[in-house]
Every structure is written in structure tokens, then in C-alpha cells.
Amino acid sequence: MKNWYPIKFEPDVERAYALQLLQKFIPLGRLASAIGLVAFIGYGFWDLMLDPDALSKTGPLRAAAVLHFAICISVSFLPIIRTSPRLWTYFMMYTYLGVAILFPLILAQLPDGFVAGVGGLLTGMIFVPAITNGVRQASIILGAYLFAALLTITLAGGTSFEVVNAVAWTSGGVGFAIGFAYLLDVINRRAYHLERLLEEEKRRSETLLLNILPADIAVRLKAQEEPLADTHDCVSVLFADLAGFTDISRKMSANELVNLLNDLFSRFDALAAEHGAEKIKTIGDAYMVATGLQGSVADHAEKIADLALGMQQAFGEFRKDNNVDLKMRIGVHSGAVIAGVIGKQKFSYDLWGNTVNVASRMESEGIPDQIQMSAETWQLLSNRYQSTPRGEIQIKGHRPRATYMLDGLKEKLV
């Protein structure tokens, strides 16, 4: 039975829901006013059927009704109407009170008008459930509408029979309209609740996608672009790996090992975001990140150098906080890469090319607790950085390469 009760929202959600409904109510309100305008003009012919000379008496009143609806349509275009659900209720009250007064006054000018035409009051009730937020608003407007109509009939000379007849015609319509308003309230609120759940799931999926892919790649993936591949002429790639991790991992439980790596890599993730770098992946206890992938980034080498120094400091704090006997090698190289997304399931964003291989070798052939970079990266750095030449080293599958150890920023080393 709970499905037949309207969902209650928190105050902030309720305000958002009311504003969303209001954007639907306004065009429906204009439509109702337009129909009312046409009806008051068209029923002028009905006046002539009851009294050939009726237009001299009902014409001015019908013209007033047409003007009333024209004003209502015009006012609905005011910006303040679109932003105030409470003002909309008052506006609808004004609209319906105008009808409740003008229509009985027209009927009063016709022979047996209250008996022959009182059913016309039902027409105006049709739109009330569709332009009000719930039973309370609908009841207020319909109650005022009915009271004003019956009072006008009484003051315009309606007999007791005519008043009772009007009550008989309209009370059933009011009951139906309020019941329909209740049903629409249940449906609308559940639809809005489902929309919010869908939006929340969409935000979660987009957040998850952005945790896997760069933002521009995620946009292209959602646009179903294939293949997702880019060539970057010059970027900087960093690899970091833990020395001694295999030994201590043998002494750890699964939870301890995962928590330890999660602590370290979470610190690295925060630094990567701070320096505008793109995390590529983790491989076991190795961490891969790159700069220069997003647009034209002239200072990608300096960004990767700052990141490497930050990672070195963060690793020292991590080692102290967790009391672990570990060391870390960092290797950096700069050059051209190919970037893209591969796979249909569990897809991943990755980099390929000689630059990636050399960067990996800079790390594996490096010195624990040191940052080793290639001559290509060193040449791109400004004189803000202090470095020490290591000389040429032989790396597997490549010619001997000149390398440098990044010591830090000169201003901090002084």
C-alpha cells in the first residue's frame, strides 16, 4: 500500500521538485487560459440560443473574461513566475477566482442560465490537478473556486434550487479533481525520485569513468569515438617502484598489503592531481604517471620533476608513518608517445612507444631513494633544479644513455 502514498522529500529536495514542476505547470497554465479565452468567445453563440438579444448583456462580461485570460497568459511570461512556486499558487487562485465570478454573472443574464449552464463550471476544473503541486494546492484553489462561484450565484439572484443544483454539479467535479490531483502527486513524486536516483547513478558512473580515463578521453568515449588514439610529440613519463617490497609482502596478510599500497598510492594520486599529471596505472608495487598529455603543456618536464620530488617527500613520510623498511626508485624520460584506450571490457587508458620503455629503464636501472632522469628530460628543465650527472649507463635493449640524478630545487638546497 505504500506505493499509493506520495513520497516526502527533504526540504531542499522539495524546493527543487517544486521548481521542476513549475516549469511544466506554466505551459499547461497558458494552454488552460487559451482554452478558456476561446471558450468564452465561442459560448457567445450559446447565449444567442437562449436569448437572441443576450449579447448586449453578456457581451461586456465575455469581453472582460477574454481580457482576464489575456492578462493571465501575459503574466505567465514574467521571469518571477518561473522562479516562485508559491507565487504560482496565488496566480492560479487569481485566474480561477476570475472565472468563478465572471461565468455566473454571465449565466445570470440568461433565462434559466444557472440551470442550463452551471455545468460549464466543471470545465475549468479539468486543468487544476495538472497545474498544482499535490492535494493541498488543488484543494485550496478548487475550494476557493467553488465558494466564489456559489457566492456569486447567490448574490446574482440565484434561487435555492439553482444554488443546490450548482452544488450538485460542481461538488462531484471537485471530488474527482482532488482525487486526480492526489494520484498525479503520487506519480510525479515517484517519477522525480527515480530521476534523482538515475542522475545519482549517472554521476557515479561518470566519476568512476574519470577515475579510469582523462576527462577529454571520457567525453570522446561516451561519444562512441573509435579508435581512441592520440600522438603526443613530447611528454614526460615517470615510473616509481618499491625496492624491498617483495620481501616484506611475504610477511603481510592480504588486508595489510593492500592497505599499505593504498595508503602510498593515494598520496601519489593527490600529488598527481596537484601537479596536473595524469595517472596512467599501477603495476604491482609500481606507479606510472605522465605530464603533457592534456593539450599543449610546455612545462611538462618541470611538472614531472616537481611531482617526482613531491613523491619522494611523500614516500619518506609514508615510510615513517608505517614503520616499513622500503626504498623507492624513480625514473623519468621525455619524448613522443602514443596514447589510447584499448579493450571493450575493463578498458584502460595507456601509453606506448620508446619513451615509455626508456622511462621504465630509468627506474629499473636507477638507485634506490634517488630520482634518475634521462638527458632528454634534463635538457627541458630550467635552472631552478639541482641535478648531478651520473654518466652513461647501459640499459637493456637501448644504446648507452647519459643520465642525471635530480637532487631537488636549488632554492631549497641552499
# chains A, B, ... in the order shown; residues from 1 in each chain; ligands from 1
>>> residues_around(residues="Gln394 of chain A", least_positions_apart="3", cutoff="12 Å", atoms="only C-alpha atoms", output="VMD selection string")
chain A and resid 358 361 to 362 364 to 366 390 to 391 397 to 403
>>> closest_residue(among="A:Asp325, A:Asp306, A:Glu14, A:Glu201", to="Thr291 of chain A", atoms="only C-alpha atoms")
A:Asp306
>>> select_by_dssp(residues="segment 31-166 of chain A", states="helix (DSSP H, G or I)", output="ChimeraX atom specification")
/A:31-42,44-50,55-75,79-83,85-108,113-125,128-131,134-155,160-166
>>> closest_atom_pairs(of="segment 1-120 of chain A", to="segment 189-194 of chain A", cutoff="12 Å", atoms="only C-alpha atoms", output="Markdown table")
| residue | atom | partner | partner_atom | distance |
| --- | --- | --- | --- | --- |
| A:Lys2 | CA | A:Arg190 | CA | 11.5 |
| A:Asn3 | CA | A:Arg190 | CA | 8.8 |
| A:Trp4 | CA | A:Arg190 | CA | 10.1 |
| A:Tyr5 | CA | A:Arg190 | CA | 9.7 |
| A:Pro6 | CA | A:Arg189 | CA | 6.4 |
| A:Ile7 | CA | A:Arg189 | CA | 6.0 |
| A:Lys8 | CA | A:Arg189 | CA | 8.2 |
| A:Phe9 | CA | A:Arg189 | CA | 8.8 |
| A:Glu10 | CA | A:His193 | CA | 11.6 |
| A:Val13 | CA | A:His193 | CA | 9.6 |
| A:Glu14 | CA | A:Arg189 | CA | 9.6 |
| A:Ala16 | CA | A:Tyr192 | CA | 9.9 |
| A:Tyr17 | CA | A:Tyr192 | CA | 7.2 |
| A:Ala18 | CA | A:Arg189 | CA | 10.0 |
| A:Leu19 | CA | A:Tyr192 | CA | 11.7 |
| A:Gln20 | CA | A:Tyr192 | CA | 9.0 |
| A:Leu21 | CA | A:Tyr192 | CA | 9.5 |
>>> residues_around(residues="Ala39 of chain A", least_positions_apart="6", cutoff="10 Å", atoms="only C-alpha atoms", output="list in words")
Ser33, Arg62, Ala65, Val66, Gly120 and Thr123 of chain A
>>> write_last_selection(atoms="C-alpha atoms", output="short mmCIF file (atom, residue, chain, number, x, y, z; two decimals), in the first residue's frame")
data_model
loop_
_atom_site.label_atom_id
_atom_site.label_comp_id
_atom_site.auth_asym_id
_atom_site.auth_seq_id
_atom_site.Cartn_x
_atom_site.Cartn_y
_atom_site.Cartn_z
CA SER A 33 -6.07 30.12 -20.22
CA ARG A 62 -17.45 37.91 -22.00
CA ALA A 65 -13.36 37.31 -19.34
CA VAL A 66 -11.32 37.38 -22.57
CA GLY A 120 -19.75 24.83 -17.52
CA THR A 123 -14.76 22.64 -17.48
#
